[in-house]
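Working notes, structure below.
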Amino acid sequence: MGEKKIETKHSDFLLPSSAARTLVNLQQVEKIYPNGMIAVQDVNLKIKEGEFVSFVGPSGCGKSTIFRLITGLTEPSAGRLEILGGNPEAARKSGRLSFVFQDATLMPWCNVIDNVMLPLKLQGIPKIQQKEEAERVLELVGLKDYHKSLPRQLSGGMKMRVSIARSLVVNPGLLLMDEPFGALDEITRQTLQQELLSIWGKDPKMTVLFVTHNVFEAVYLSTKIAVMTSSPGKIAELIDVPIPYPRDSDFRTTASFSEIVTRVNGALKQ
Ligand SMILES: Nc1ncnc2c1ncn2[C@@H]1O[C@H](COP(=O)(O)OP(=O)(O)OP(=O)(O)O)[C@@H](O)[C@H]1O
């Protein structure tokens, strides 16, 4: 008889253990754009497997630049980055990085399941497997009855669910989300936050990096918050959110929640 595999969920522990491996390591990273703009400077950041780290900061403080550096879409002017154990470009090409943007960026002429299957099609995965995997993630995001719908037939929240499903279909080790819920109304936003935590909670190895302007959203979701300040962009403070998962909406009304929000707001003013 085979040995019983014991699965650990995020909800079983407070934060990823100190033994978890480092997935993202930025050392003294600087980015100066060709026009001389120092977008980020002296960025040091280590993120362990299984973390959910949000980046908050004023517009222009370099949040998207950090994402572009991590994904190898732009080169650092100084410093060193190690992502998923290699350089950023290798990490991107490994297929273990996924992105979700504020705009769902779906192909309007393709139905939901074809949109979700696309990353697997690009990887040359057999069609039957593409379909099975797409069905699995569409069920996770609550869209199993919408496989044949076209994007224009969906609400903004549903389009974002499709975009999240498409990012999950490759089983990413590292998921980067750049203001994914920024364009949604508050109720839909809170529903999707809850769903995202539930999806992340099922996979102890999934690491999420999440950009938001919303401090409440960052505190609700994250294990850690990187608070950024601008001119030039820097990580002013890395704040732990030592509240166990699962977190339900009551967490938003607790004293701990308010305390952490106050701390993040204080760091933003530095
Ligand atoms: N390609 C580029 N060339 C020159 N400057 C750039 C370029 N991209 C970004 N910048 C500048 O670098 C700084 C950081 O930009 P970035 O987009 O990373 O900020 P951000 O924090 O993501 O902003 P927002 O919250 O508004 O999206 C800004 O001053 C921006 O104008």
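We name chains A, B, ... following the order of the structure tokens; residues begin at 1 in each chain, and ligands are numbered from 1 as shown.
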Residues at most 12 Å from A:Phe67, counting only C-alpha atoms, excluding those fewer than 2 positions away in the same chain, as a PyMOL selection string? chain A and resi 24+26+31+40+54-55+62-65+69-76+81+83+88+92+97-101+174-179+208-211
Counting only C-alpha atoms, what is within 10 Å of stretch 238-255 of chain A, bar same-chain residues fewer than 2 positions away, as a PyMOL selection string? chain A and resi 9-15+45+53-55+190-191+193-194+197-198+201+216-228+235-236+257-261+263-264+267
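Of the residues listed (A:Asp103, A:Glu186, A:Asn265, A:Lys205), A:Lys205 shows the shortest atom-to-atom separation from A:Ala20; distances use only C-alpha atoms.
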Could you give me, as an mmCIF file with C-alpha atoms, in the first residue's frame, the residues within 10 Å of A:Gly173, counting only C-alpha atoms and dropping anything in the same chain fewer than 6 positions from it?
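File written: part-v9.cif
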```
data_model
loop_
_atom_site.group_PDB
_atom_site.id
_atom_site.type_symbol
_atom_site.label_atom_id
_atom_site.label_comp_id
_atom_site.auth_asym_id
_atom_site.auth_seq_id
_atom_site.Cartn_x
_atom_site.Cartn_y
_atom_site.Cartn_z
ATOM 1 C CA LEU A 23 11.814 32.168 -4.715
ATOM 2 C CA GLU A 49 7.819 30.056 -1.459
ATOM 3 C CA GLY A 50 4.188 30.207 -0.365
ATOM 4 C CA LEU A 84 12.759 30.722 -9.154
ATOM 5 C CA ALA A 91 12.123 32.123 -14.996
ATOM 6 C CA GLY A 95 6.435 28.742 -17.974
ATOM 7 C CA ARG A 96 6.246 28.812 -14.154
ATOM 8 C CA LEU A 97 5.514 32.550 -14.024
ATOM 9 C CA SER A 98 2.028 33.878 -14.667
ATOM 10 C CA ASP A 203 -1.672 25.252 -2.912
ATOM 11 C CA LYS A 205 3.683 26.276 -2.801
ATOM 12 C CA MET A 206 1.950 29.048 -4.741
ATOM 13 C CA THR A 207 3.631 32.417 -4.261
ATOM 14 C CA VAL A 208 1.686 35.550 -5.161
#
```
I'd like the interatomic distance between atom CA of A:Ile187 and atom CA of A:Pro172, to a tenth of an Å.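 Spanning atom CA of A:Ile187 to atom CA of A:Pro172 is a straight-line distance of 27.3 Å.
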Atom pair atom CA of A:Ile32 / atom CA of A:Ser77: separation (Å):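 Calculated distance between atom CA of A:Ile32 and atom CA of A:Ser77 is 6.0 Å.
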Please extract the residues of stretch 87-184 of chain A with a backbone DSSP assignment of strand (DSSP E) and present them as a list in words. Leu97, Ser98, Phe99, Val100, Phe101, Leu174, Leu175, Leu176, Met177 and Asp178 of chain A
Write out as a count of residues only the set of residues from stretch 102-261 of chain A that DSSP, computed on the backbone, places in helix (DSSP H, G or I). 76
Distance of atom CA of A:Met117 from atom CA of A:Lys131, expressed in Å to one decimal place: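 Going from atom CA of A:Lys131 over to atom CA of A:Met117, I get 6.6 Å.
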